[in-house]
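J.: Please read through the structure below; I'll follow up with questions.
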Amino acid sequence: LNKITILELPFISTTNQAFTQLLEQRLTRKQNTFIVTANPEIAVYAYDHPDYRNLIKTADYITPDGIGIIKAGQMLNTPLVERITGFDTLTSLLEIANKYSLKVYLLGAKPEIIQKTVTNIQQKYPKLKLVGYHDGYFQTEQPIMEQITQTQPDIVAVALGFPKQEEFIAKYRTVSPSTWIGVGGSFDVLSG
Ligand code: UDP
């Protein structure tokens, strides 16, 4: 997979289609995967915060999420193939989950938002197995981590905003050989 470095982050440079195929392959092989969909805000924050930068560099894939990253690639004469957003990647993952009846866990957003997201996802992707969910305003991570450990989801989508979502994933990704992805405000869109 071709990579292009912008603000010291190795972004994947590929099409959404090729990336989706790769994720489908990794999911069916139950390979532990960490995806960061980095928009300009994340890239700049990572540039200024070495701990966060090192943490997101442990991801298997950092995708260029936003026109600002694409523009930066052009300006540096190292163009990226195309934009790969968190929302589009989550949609692709849910489609794959529906195709193979995979297990999905959703974490994040406000209680009423996650409820609506769950209802909408179950309606749109009836064959996907939703094994658990939790809103993003919890006191302790322990019960969430235990539920993920027990249910062993194929996909864990985390919408806590950055840097929280990536910190959560980096801390817990070994409890289940899942595909873990930080999805920012995607549940707010899916709940509508
Ligand atoms: N969020 C959450 N817990 C928190 C902070 C944020 O669940 O402690 C949720 C918030 O409700 C929203 C999502 O994280 O659904 C993304 O928030 P935001 O748009 O601020 O993050 P960004 O898109 O900039 O990563």
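Chain labels follow the order of the structure tokens: the first chain is A, the next B, and so on; residue numbering restarts at 1 in every chain, and ligands are counted from 1 in their shown order.
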What parts of region 4-186 of chain A does DSSP call alpha helix (DSSP H)? I'd like the answer as a ChimeraX atom specification.
T.: /A:16-28,40-48,50-56,67-75,86-100,111-124,142-151,164-172,186
J.: Sorted by chain and rising residue number, list the residues of chain A at most 10 Å from ligand 1 (counting only C-alpha atoms and all ligand atoms), each with its closest atom pair and distance in Å to one decimal, as a Markdown table.
T.:
```
| residue | atom | partner | partner_atom_place_in_ligand_line | distance |
| --- | --- | --- | --- | --- |
| A:Thr37 | CA | ligand 1 | 25 (O) | 9.6 |
| A:Ala38 | CA | ligand 1 | 25 (O) | 9.2 |
| A:Asn39 | CA | ligand 1 | 25 (O) | 8.7 |
| A:Glu41 | CA | ligand 1 | 24 (O) | 7.5 |
| A:Ile42 | CA | ligand 1 | 25 (O) | 7.8 |
| A:Gly86 | CA | ligand 1 | 23 (O) | 9.4 |
| A:Leu107 | CA | ligand 1 | 7 (O) | 7.5 |
| A:Gly108 | CA | ligand 1 | 7 (O) | 3.9 |
| A:Ala109 | CA | ligand 1 | 7 (O) | 3.5 |
| A:Lys110 | CA | ligand 1 | 11 (O) | 5.0 |
| A:Pro111 | CA | ligand 1 | 7 (O) | 8.6 |
| A:Ile113 | CA | ligand 1 | 15 (O) | 7.6 |
| A:Ile114 | CA | ligand 1 | 15 (O) | 8.4 |
| A:His134 | CA | ligand 1 | 7 (O) | 9.1 |
| A:Asp135 | CA | ligand 1 | 7 (O) | 6.1 |
| A:Gly136 | CA | ligand 1 | 7 (O) | 3.2 |
| A:Tyr137 | CA | ligand 1 | 3 (N) | 5.0 |
| A:Phe138 | CA | ligand 1 | 8 (O) | 7.9 |
| A:Gln139 | CA | ligand 1 | 8 (O) | 9.9 |
| A:Val158 | CA | ligand 1 | 14 (O) | 8.3 |
| A:Ala159 | CA | ligand 1 | 14 (O) | 4.7 |
| A:Leu160 | CA | ligand 1 | 14 (O) | 3.6 |
| A:Gly161 | CA | ligand 1 | 25 (O) | 3.3 |
| A:Phe162 | CA | ligand 1 | 25 (O) | 4.5 |
| A:Pro163 | CA | ligand 1 | 25 (O) | 7.4 |
| A:Lys164 | CA | ligand 1 | 8 (O) | 7.4 |
| A:Gln165 | CA | ligand 1 | 25 (O) | 8.0 |
| A:Glu166 | CA | ligand 1 | 25 (O) | 9.8 |
| A:Gly182 | CA | ligand 1 | 25 (O) | 8.1 |
| A:Val183 | CA | ligand 1 | 25 (O) | 7.2 |
| A:Gly184 | CA | ligand 1 | 23 (O) | 3.8 |
| A:Gly185 | CA | ligand 1 | 16 (C) | 3.8 |
| A:Ser186 | CA | ligand 1 | 15 (O) | 6.9 |
| A:Phe187 | CA | ligand 1 | 15 (O) | 5.9 |
| A:Asp188 | CA | ligand 1 | 15 (O) | 5.4 |
| A:Val189 | CA | ligand 1 | 15 (O) | 8.8 |
| A:Ser191 | CA | ligand 1 | 15 (O) | 10.0 |
```
J.: Can you list, as JSON, numbers by chain, every residue of chain A that DSSP puts in strand (DSSP E)?
T.: {"A": [3, 4, 5, 6, 9, 10, 11, 12, 33, 34, 35, 36, 37, 38, 61, 62, 63, 64, 103, 104, 105, 106, 107, 108, 129, 130, 131, 132, 133, 134, 155, 156, 157, 158, 159, 179, 180, 181, 182]}
J.: Expressed in Å to a single decimal, how great is the separation between CA of Gln122 (chain A) and CA of Val36 (chain A)?
T.: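 So the two atoms, CA of Gln122 (chain A) and CA of Val36 (chain A), lie 24.7 Å apart.
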J.: Which distance in Å separates CA of Lys129 (chain A) and CA of Phe19 (chain A), to one decimal?
T.: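 Computed distance, CA of Lys129 (chain A) to CA of Phe19 (chain A), equals 22.8 Å.
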J.: So which one's closest to Pro79 (chain A), A:Pro40, A:Pro64, A:Ala18, A:Gln152? Using only C-alpha atoms, please.
T.: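 The shortest atom-to-atom distance to Pro79 (chain A) comes from A:Pro64.
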J.: Mind giving me the straight-line distance from CA of Pro50 (chain A) to CA of Ala170 (chain A) in Å, one decimal?
T.: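 The value is 14.9 Å.
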J.: Neighbouring residues of Leu76 (chain A) were defined as those with any atom within 10 Å, considering only C-alpha atoms; residues of the same chain fewer than 5 positions away were excluded. Please report them as a ChimeraX atom specification.
T.: /A:5-6,71
J.: Convert the current residue selection to file output with N, CA and C atoms, as a PDB file, in the first residue's frame.
T.:
```pdb
ATOM      1  N   THR A   5       3.736  10.936   3.251  1.00  0.00           N
ATOM      2  CA  THR A   5       3.877  11.587   4.554  1.00  0.00           C
ATOM      3  C   THR A   5       3.519  13.066   4.474  1.00  0.00           C
ATOM      4  N   ILE A   6       2.568  13.440   5.324  1.00  0.00           N
ATOM      5  CA  ILE A   6       2.172  14.853   5.456  1.00  0.00           C
ATOM      6  C   ILE A   6       2.108  15.167   6.946  1.00  0.00           C
ATOM      7  N   LYS A  71      -5.265  18.724  -0.487  1.00  0.00           N
ATOM      8  CA  LYS A  71      -4.618  19.963  -0.969  1.00  0.00           C
ATOM      9  C   LYS A  71      -3.149  20.023  -0.532  1.00  0.00           C
TER      10      LYS A  71
END
```
J.: Using only C-alpha atoms, pick whichever of A:Gln147, A:Ala59, A:Met75, A:Pro10 has the shortest atom-to-atom distance to Asn32 (chain A).
T.: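 For Asn32 (chain A), the nearest of the given residues is A:Ala59.
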J.: Please identify all polymer residues within 7 Å of region 88-102 of chain A, counting only C-alpha atoms, omitting same-chain residues fewer than 5 positions from it, and present them as a count of residues only.
T.: 8
J.: Might you pull out every residue within 12 Å of region 174-176 of chain A, with only C-alpha atoms counted and same-chain residues fewer than 5 positions away left off, and present them as a list in words?
T.: Lys30, Gln31, Asn32, Thr33, Phe34, Lys103, Val104, Tyr105, Ile144, Met145, Glu146, Gln147, Ile148, Thr149, Gln150, Thr151, Gln152, Pro153, Asp154, Ile155, Val156, Phe168 and Ile169 of chain A
J.: Kindly export the residues of the current selection with N, CA and C atoms, as a PDB file, in the first residue's frame.
T.:
```
ATOM      1  N   LYS A  30     -10.158 -12.174  10.306  1.00  0.00           N
ATOM      2  CA  LYS A  30     -10.131 -11.759  11.723  1.00  0.00           C
ATOM      3  C   LYS A  30      -8.776 -11.188  12.140  1.00  0.00           C
ATOM      4  N   GLN A  31      -8.250 -10.289  11.313  1.00  0.00           N
ATOM      5  CA  GLN A  31      -6.996  -9.613  11.636  1.00  0.00           C
ATOM      6  C   GLN A  31      -7.286  -8.341  12.429  1.00  0.00           C
ATOM      7  N   ASN A  32      -6.574  -8.172  13.532  1.00  0.00           N
ATOM      8  CA  ASN A  32      -6.705  -6.979  14.367  1.00  0.00           C
ATOM      9  C   ASN A  32      -6.246  -5.744  13.577  1.00  0.00           C
ATOM     10  N   THR A  33      -7.134  -4.761  13.465  1.00  0.00           N
ATOM     11  CA  THR A  33      -6.871  -3.598  12.612  1.00  0.00           C
ATOM     12  C   THR A  33      -7.283  -2.312  13.325  1.00  0.00           C
ATOM     13  N   PHE A  34      -6.445  -1.297  13.215  1.00  0.00           N
ATOM     14  CA  PHE A  34      -6.727   0.021  13.805  1.00  0.00           C
ATOM     15  C   PHE A  34      -6.680   1.044  12.675  1.00  0.00           C
ATOM     16  N   LYS A 103     -20.251  -9.366  13.636  1.00  0.00           N
ATOM     17  CA  LYS A 103     -20.614  -8.752  14.914  1.00  0.00           C
ATOM     18  C   LYS A 103     -20.051  -7.324  15.004  1.00  0.00           C
ATOM     19  N   VAL A 104     -20.910  -6.399  15.435  1.00  0.00           N
ATOM     20  CA  VAL A 104     -20.523  -4.986  15.502  1.00  0.00           C
ATOM     21  C   VAL A 104     -20.806  -4.430  16.895  1.00  0.00           C
ATOM     22  N   TYR A 105     -19.878  -3.611  17.409  1.00  0.00           N
ATOM     23  CA  TYR A 105     -20.060  -2.890  18.672  1.00  0.00           C
ATOM     24  C   TYR A 105     -19.915  -1.395  18.392  1.00  0.00           C
ATOM     25  N   ILE A 144     -17.444  -1.312  29.597  1.00  0.00           N
ATOM     26  CA  ILE A 144     -17.412  -1.279  28.126  1.00  0.00           C
ATOM     27  C   ILE A 144     -16.349  -2.257  27.628  1.00  0.00           C
ATOM     28  N   MET A 145     -15.184  -2.150  28.231  1.00  0.00           N
ATOM     29  CA  MET A 145     -14.075  -3.038  27.875  1.00  0.00           C
ATOM     30  C   MET A 145     -14.464  -4.497  28.117  1.00  0.00           C
ATOM     31  N   GLU A 146     -15.170  -4.751  29.223  1.00  0.00           N
ATOM     32  CA  GLU A 146     -15.571  -6.134  29.526  1.00  0.00           C
ATOM     33  C   GLU A 146     -16.572  -6.667  28.508  1.00  0.00           C
ATOM     34  N   GLN A 147     -17.502  -5.794  28.080  1.00  0.00           N
ATOM     35  CA  GLN A 147     -18.493  -6.227  27.086  1.00  0.00           C
ATOM     36  C   GLN A 147     -17.823  -6.533  25.740  1.00  0.00           C
ATOM     37  N   ILE A 148     -16.858  -5.722  25.374  1.00  0.00           N
ATOM     38  CA  ILE A 148     -16.137  -5.958  24.118  1.00  0.00           C
ATOM     39  C   ILE A 148     -15.335  -7.257  24.222  1.00  0.00           C
ATOM     40  N   THR A 149     -14.717  -7.469  25.374  1.00  0.00           N
ATOM     41  CA  THR A 149     -13.941  -8.695  25.590  1.00  0.00           C
ATOM     42  C   THR A 149     -14.852  -9.921  25.486  1.00  0.00           C
ATOM     43  N   GLN A 150     -16.038  -9.830  26.095  1.00  0.00           N
ATOM     44  CA  GLN A 150     -16.962 -10.965  26.104  1.00  0.00           C
ATOM     45  C   GLN A 150     -17.566 -11.247  24.736  1.00  0.00           C
ATOM     46  N   THR A 151     -17.942 -10.184  23.996  1.00  0.00           N
ATOM     47  CA  THR A 151     -18.678 -10.387  22.745  1.00  0.00           C
ATOM     48  C   THR A 151     -17.761 -10.565  21.535  1.00  0.00           C
ATOM     49  N   GLN A 152     -16.495 -10.197  21.650  1.00  0.00           N
ATOM     50  CA  GLN A 152     -15.529 -10.336  20.549  1.00  0.00           C
ATOM     51  C   GLN A 152     -16.101  -9.852  19.204  1.00  0.00           C
ATOM     52  N   PRO A 153     -16.450  -8.561  19.118  1.00  0.00           N
ATOM     53  CA  PRO A 153     -17.007  -8.054  17.861  1.00  0.00           C
ATOM     54  C   PRO A 153     -15.979  -8.076  16.724  1.00  0.00           C
ATOM     55  N   ASP A 154     -16.468  -8.172  15.505  1.00  0.00           N
ATOM     56  CA  ASP A 154     -15.574  -8.076  14.339  1.00  0.00           C
ATOM     57  C   ASP A 154     -15.214  -6.619  14.094  1.00  0.00           C
ATOM     58  N   ILE A 155     -16.158  -5.722  14.397  1.00  0.00           N
ATOM     59  CA  ILE A 155     -15.953  -4.290  14.166  1.00  0.00           C
ATOM     60  C   ILE A 155     -16.302  -3.516  15.435  1.00  0.00           C
ATOM     61  N   VAL A 156     -15.421  -2.600  15.842  1.00  0.00           N
ATOM     62  CA  VAL A 156     -15.711  -1.689  16.955  1.00  0.00           C
ATOM     63  C   VAL A 156     -15.586  -0.257  16.416  1.00  0.00           C
ATOM     64  N   PHE A 168      -8.634   5.546  23.293  1.00  0.00           N
ATOM     65  CA  PHE A 168      -9.417   4.386  23.742  1.00  0.00           C
ATOM     66  C   PHE A 168      -9.031   3.148  22.921  1.00  0.00           C
ATOM     67  N   ILE A 169      -8.965   3.311  21.617  1.00  0.00           N
ATOM     68  CA  ILE A 169      -8.660   2.184  20.725  1.00  0.00           C
ATOM     69  C   ILE A 169      -7.251   1.647  20.988  1.00  0.00           C
TER      70      ILE A 169
END
```
J.: For Ile35 (chain A), which residue among A:Thr58, A:Gln142, A:Asn120, A:Thr78 is the nearest when counting only C-alpha atoms?
T.: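 Between A:Thr58, A:Gln142, A:Asn120, A:Thr78, the residue approaching Ile35 (chain A) most closely is A:Thr58.
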